[in-house]
Amino acid sequence: MEFTPRIIAFLCNWCSYTGADLAGTSRMEYKSNVRAVRVMCSGRIEPTFVLEAFIKGADGVLICGCHPGDCHYQEGNYRCLRRFLLLQKYIKQMGIETERLKLEWISASEGKQFAELVNSFTETITELGPCKIKETMKVLT
Amino acid sequence: MEGSKPKLKLAVYWAAACGGCCVSVLDVHEKLFDVIAAADLVFWPIALDIKYHDVEEMPDQHIDLTLFNGAVRNSENEHMAKLFRKKSKILVAYGSCSHLGGIPGLANFSTKEEIFRRVYSESESVVNPDDLKPLSEYEVKEGILNLPEFFNDVRSLAQVVEVDYFIPGCPPQTERLLEVFVAIVSGAELPPKGSVIGAETKTQCDECIREKTENKRIKKFYRPWEIIDDGISCFMEQGVICIGPATRAGCGYRCIKGNAPCRGCYGPPAGVTDPGAKMMSSIASIIDEKEPEEISRVLEDVADPAGLFYRFSLPVSLIRRKLV
């Protein structure tokens, strides 16, 4: 059977979720592998959310927030960026390909960019294949 | 003494650990006499010559309280964990290794094969021309010799058997052990099964004596030897990574009092599943940079995030081993 990746996308309420919504209302078509989780701000996304997503079977995790300087809460997206960069270092050490975790800024008007992002990210993950985490965690000892 | 309350039966076991936990029990010093007055030590390899088969011959639930220290690294540890579960009324995971996997748990960054290769072949001081590796079973003419099987994963005690309580620490503070012991002896009402006892619920920062301000803006992280600590202000504000924000209080912040940052041996505070993830969150909040390149430059100082943030807790964290 062909591999269809499962991707979790954490989208901030003020920009990225609205951007994704715009893609929908504009009837743009994009790959259906993404499960969107709306959060109030990208600064709300704790590293635990990302790790939990991988543990529960995500092959890729996409994080989207407002463009730098545009955060509804002033600084949330910068916190997100710093966590993301640290998480990248951590998951690499644990043997998860860094390409599986992606951060992009999507504004409320960027429906088209969101659709393109989802398509290209889905393609990247499809090429990478299923995340090894499920197999590794199945066996203990 | 006739007619008096029967004495408590106490056992202490040492699995995959350094021995510091057993020493922390010995550190009750002269209070040992009070302990012995209230309890019979029925098993304690560091101090008493009682054999495994003596434990095997005990009736089930014979021991009132077992303090099990050390992680489960091999089949011997696993066998003893299961045995003590069967023979004990209360089984306590005592110390970081038993509670979280501890320092031996860092072996989960490697596989069994990699460890054997390093230890028996590649290590600079090893001469092993026949490439001998330990086997769990070997036949000689006198019969079959056995060694415990070395597992691929290091596990915490609770990943092997049901655990009643957890006493954290590397090693646990002896005073807190005595408190727990006194509570059990006096018949006080015990907390719900599965609780972490002998510690607080909040974080180290909550009770830390160092001066803290809102001004946590870091442009560079330092290793403790790279700066002269002022002895007063928060380590994090000085740019030294302290695991206090993601660590349970209760140790009496001894490392901090000794002018060393917290390393996280008491494990995550109540309600936190993954201590390292919390720590990453905390570190990311205080970096005072906004450009990706600048943030990455600051993060270069955090050379080994996985090892630093999960020093004591890798086997019980969300990603409990390096992927294979």
# chains A, B, ... in the order shown; residues from 1 in each chain; ligands from 1
$ interface_residues --of "chain A" --to "chain B" --cutoff "7 Å" --atoms "only C-alpha atoms" --output "list in words"
Glu46, Pro47, Thr48, Leu51, Glu52, Tyr78, Arg79, Arg82, Arg83, Leu85, Leu86, Tyr90, Gln93, Met94, Gly95, Lys132, Ile133, Thr136, Leu140 and Thr141 of chain A
$ write_last_selection --atoms "N, CA and C atoms" --output "tab-separated table (two decimals), in the first residue's frame"
chain	number	residue	atom	x	y	z
A	46	GLU	N	3.77	24.21	23.06
A	46	GLU	CA	4.85	23.72	23.92
A	46	GLU	C	5.60	22.60	23.19
A	47	PRO	N	6.89	22.44	23.48
A	47	PRO	CA	7.62	21.32	22.89
A	47	PRO	C	6.91	19.99	23.14
A	48	THR	N	6.24	19.89	24.29
A	48	THR	CA	5.52	18.65	24.61
A	48	THR	C	4.47	18.33	23.53
A	51	LEU	N	6.30	16.76	20.56
A	51	LEU	CA	6.80	15.41	20.85
A	51	LEU	C	5.64	14.43	20.97
A	52	GLU	N	4.57	14.88	21.60
A	52	GLU	CA	3.37	14.06	21.76
A	52	GLU	C	2.79	13.70	20.38
A	78	TYR	N	8.06	34.80	18.31
A	78	TYR	CA	9.51	34.71	18.54
A	78	TYR	C	9.82	33.57	19.51
A	79	ARG	N	8.96	33.44	20.52
A	79	ARG	CA	9.14	32.31	21.45
A	79	ARG	C	9.03	31.00	20.69
A	82	ARG	N	12.17	30.26	18.77
A	82	ARG	CA	13.29	29.80	19.61
A	82	ARG	C	13.07	28.35	20.06
A	83	ARG	N	11.83	28.05	20.42
A	83	ARG	CA	11.54	26.66	20.79
A	83	ARG	C	11.75	25.72	19.62
A	85	LEU	N	13.77	26.06	17.07
A	85	LEU	CA	15.20	25.84	16.77
A	85	LEU	C	15.84	24.89	17.79
A	86	LEU	N	15.40	25.01	19.04
A	86	LEU	CA	15.94	24.11	20.07
A	86	LEU	C	15.41	22.68	19.87
A	90	TYR	N	17.16	18.94	19.34
A	90	TYR	CA	16.82	17.80	20.17
A	90	TYR	C	16.36	16.60	19.35
A	93	GLN	N	19.09	14.75	17.66
A	93	GLN	CA	19.84	13.86	18.55
A	93	GLN	C	19.11	12.54	18.79
A	94	MET	N	17.77	12.63	18.81
A	94	MET	CA	16.99	11.43	19.10
A	94	MET	C	16.78	10.57	17.86
A	95	GLY	N	17.23	11.04	16.73
A	95	GLY	CA	17.15	10.24	15.51
A	95	GLY	C	15.92	10.50	14.66
A	132	LYS	N	10.20	6.56	12.08
A	132	LYS	CA	10.61	5.32	12.76
A	132	LYS	C	10.11	5.23	14.20
A	133	ILE	N	9.60	6.35	14.69
A	133	ILE	CA	9.28	6.41	16.12
A	133	ILE	C	8.29	5.33	16.54
A	136	THR	N	10.08	1.98	16.91
A	136	THR	CA	11.00	1.96	18.05
A	136	THR	C	10.25	1.88	19.37
A	140	LEU	N	9.87	-2.65	24.04
A	140	LEU	CA	10.56	-2.18	25.24
A	140	LEU	C	11.44	-3.32	25.73
A	141	THR	N	12.68	-3.08	25.84
A	141	THR	CA	13.84	-3.97	26.13
A	141	THR	C	14.37	-4.70	24.92
$ residues_around --residues "A:Phe54" --least-positions-apart "2" --cutoff "9 Å" --atoms "only C-alpha atoms" --output "list in words"
Ile8, Phe49, Val50, Leu51, Glu52, Lys56, Gly57, Ala58, Asp59, Gly60, Val61, Cys131, Ile133 and Lys134 of chain A; Ile319 of chain B
$ select_by_dssp --residues "stretch 117-150 of chain B" --states "strand (DSSP E)" --output "short mmCIF file (atom, residue, chain, number, x, y, z; two decimals) with N, CA and C atoms, in the first residue's frame"
data_model
loop_
_atom_site.label_atom_id
_atom_site.label_comp_id
_atom_site.auth_asym_id
_atom_site.auth_seq_id
_atom_site.Cartn_x
_atom_site.Cartn_y
_atom_site.Cartn_z
N GLU B 137 24.15 -17.53 28.48
CA GLU B 137 24.23 -18.95 28.82
C GLU B 137 25.46 -19.55 28.14
N TYR B 138 26.22 -20.37 28.87
CA TYR B 138 27.41 -20.99 28.29
C TYR B 138 27.59 -22.38 28.88
N GLU B 139 27.82 -23.35 28.00
CA GLU B 139 27.92 -24.72 28.48
C GLU B 139 29.38 -25.12 28.68
N VAL B 140 29.70 -25.59 29.87
CA VAL B 140 31.02 -26.17 30.14
C VAL B 140 30.78 -27.61 30.59
N GLY B 143 28.60 -28.20 33.55
CA GLY B 143 27.19 -27.82 33.48
C GLY B 143 27.02 -26.51 32.72
N ILE B 144 25.88 -25.84 32.95
CA ILE B 144 25.60 -24.60 32.22
C ILE B 144 25.86 -23.41 33.14
N LEU B 145 26.64 -22.44 32.61
CA LEU B 145 26.89 -21.21 33.37
C LEU B 145 25.95 -20.12 32.87
N ASN B 146 25.50 -19.30 33.80
CA ASN B 146 24.57 -18.24 33.41
C ASN B 146 25.07 -16.87 33.82
N PHE B 150 21.65 -8.82 29.25
CA PHE B 150 21.73 -7.36 29.15
C PHE B 150 20.65 -6.90 28.18
#
$ atom_distance --atom1 "atom CA of B:Pro59" --atom2 "atom CA of B:Val161"
18.6 Å
$ atom_distance --atom1 "atom CA of B:Thr174" --atom2 "atom CA of B:Leu26"
8.6 Å
$ residues_around --residues "B:Gly239" --least-positions-apart "5" --cutoff "12 Å" --atoms "only C-alpha atoms" --output "mmCIF file with N, CA and C atoms, in the first residue's frame"
data_model
loop_
_atom_site.group_PDB
_atom_site.id
_atom_site.type_symbol
_atom_site.label_atom_id
_atom_site.label_comp_id
_atom_site.auth_asym_id
_atom_site.auth_seq_id
_atom_site.Cartn_x
_atom_site.Cartn_y
_atom_site.Cartn_z
ATOM 1 N N ASN B 215 13.939 40.167 34.765
ATOM 2 C CA ASN B 215 14.890 40.439 33.701
ATOM 3 C C ASN B 215 15.692 39.197 33.302
ATOM 4 N N LYS B 216 15.004 38.269 32.630
ATOM 5 C CA LYS B 216 15.705 37.087 32.162
ATOM 6 C C LYS B 216 15.916 37.228 30.666
ATOM 7 N N ARG B 217 17.024 37.866 30.299
ATOM 8 C CA ARG B 217 17.305 38.072 28.875
ATOM 9 C C ARG B 217 18.722 37.628 28.596
ATOM 10 N N ILE B 218 18.830 36.525 27.895
ATOM 11 C CA ILE B 218 20.131 35.890 27.739
ATOM 12 C C ILE B 218 20.618 35.984 26.300
ATOM 13 N N LYS B 219 21.836 36.452 26.135
ATOM 14 C CA LYS B 219 22.431 36.497 24.802
ATOM 15 C C LYS B 219 23.533 35.458 24.641
ATOM 16 N N LYS B 220 23.923 34.883 25.768
ATOM 17 C CA LYS B 220 24.925 33.815 25.704
ATOM 18 C C LYS B 220 24.772 32.911 26.917
ATOM 19 N N PHE B 221 24.858 31.614 26.677
ATOM 20 C CA PHE B 221 24.854 30.663 27.794
ATOM 21 C C PHE B 221 26.287 30.314 28.148
ATOM 22 N N TYR B 222 26.527 30.163 29.433
ATOM 23 C CA TYR B 222 27.860 29.807 29.901
ATOM 24 C C TYR B 222 27.822 28.457 30.594
ATOM 25 N N ARG B 223 28.926 27.719 30.493
ATOM 26 C CA ARG B 223 29.100 26.557 31.353
ATOM 27 C C ARG B 223 29.495 27.119 32.712
ATOM 28 N N PRO B 224 29.174 26.409 33.794
ATOM 29 C CA PRO B 224 29.437 26.972 35.126
ATOM 30 C C PRO B 224 30.882 27.440 35.326
ATOM 31 N N TRP B 225 31.853 26.774 34.684
ATOM 32 C CA TRP B 225 33.249 27.164 34.896
ATOM 33 C C TRP B 225 33.660 28.382 34.080
ATOM 34 N N GLU B 226 32.778 28.825 33.187
ATOM 35 C CA GLU B 226 33.152 29.950 32.330
ATOM 36 C C GLU B 226 32.899 31.321 32.949
ATOM 37 N N ILE B 227 32.128 31.365 34.027
ATOM 38 C CA ILE B 227 31.869 32.664 34.646
ATOM 39 C C ILE B 227 32.142 32.588 36.147
ATOM 40 N N ILE B 228 32.270 33.773 36.733
ATOM 41 C CA ILE B 228 32.379 33.809 38.187
ATOM 42 C C ILE B 228 30.993 34.103 38.723
ATOM 43 N N ASP B 229 30.425 33.110 39.371
ATOM 44 C CA ASP B 229 29.076 33.215 39.910
ATOM 45 C C ASP B 229 29.057 34.274 41.012
ATOM 46 N N ASP B 230 28.043 35.163 40.982
ATOM 47 C CA ASP B 230 27.994 36.190 42.032
ATOM 48 C C ASP B 230 27.453 35.633 43.347
ATOM 49 N N SER B 233 22.460 35.990 42.593
ATOM 50 C CA SER B 233 21.338 36.039 41.653
ATOM 51 C C SER B 233 21.129 34.694 40.943
ATOM 52 N N CYS B 234 19.909 34.564 40.451
ATOM 53 C CA CYS B 234 19.447 33.361 39.734
ATOM 54 C C CYS B 234 20.474 32.924 38.692
ATOM 55 N N PRO B 261 24.394 24.891 39.729
ATOM 56 C CA PRO B 261 23.012 24.888 39.227
ATOM 57 C C PRO B 261 22.349 23.527 39.387
ATOM 58 N N ILE B 283 13.997 27.541 28.476
ATOM 59 C CA ILE B 283 15.216 28.102 27.880
ATOM 60 C C ILE B 283 14.861 29.035 26.725
ATOM 61 N N ILE B 286 13.829 32.698 27.466
ATOM 62 C CA ILE B 286 14.725 33.725 28.006
ATOM 63 C C ILE B 286 15.816 34.170 27.031
ATOM 64 N N ILE B 287 15.857 33.553 25.860
ATOM 65 C CA ILE B 287 16.865 33.984 24.885
ATOM 66 C C ILE B 287 16.432 35.326 24.291
ATOM 67 N N ASP B 288 17.344 36.284 24.352
ATOM 68 C CA ASP B 288 17.001 37.638 23.935
ATOM 69 C C ASP B 288 17.450 37.899 22.497
ATOM 70 N N VAL B 298 23.121 31.519 19.823
ATOM 71 C CA VAL B 298 22.977 31.354 21.275
ATOM 72 C C VAL B 298 22.817 29.873 21.623
ATOM 73 N N LEU B 299 22.043 29.173 20.780
ATOM 74 C CA LEU B 299 21.780 27.752 21.072
ATOM 75 C C LEU B 299 23.000 26.860 20.861
ATOM 76 N N ASP B 301 25.610 27.176 22.322
ATOM 77 C CA ASP B 301 26.161 26.945 23.660
ATOM 78 C C ASP B 301 25.475 25.770 24.362
ATOM 79 N N VAL B 302 24.288 25.404 23.866
ATOM 80 C CA VAL B 302 23.608 24.230 24.428
ATOM 81 C C VAL B 302 24.015 23.053 23.544
#
$ residues_around --residues "B:Val316" --least-positions-apart "5" --cutoff "7 Å" --atoms "only C-alpha atoms" --output "number ranges by chain"
B: 100-101, 156
$ write_last_selection --atoms "C-alpha atoms" --output "PDB file, in the first residue's frame"
ATOM      1  CA  LEU B 100      13.044   7.942  36.149  1.00  0.00           C
ATOM      2  CA  GLY B 101      15.781   5.688  34.787  1.00  0.00           C
ATOM      3  CA  SER B 156      12.447   2.598  35.314  1.00  0.00           C
TER       4      SER B 156
END
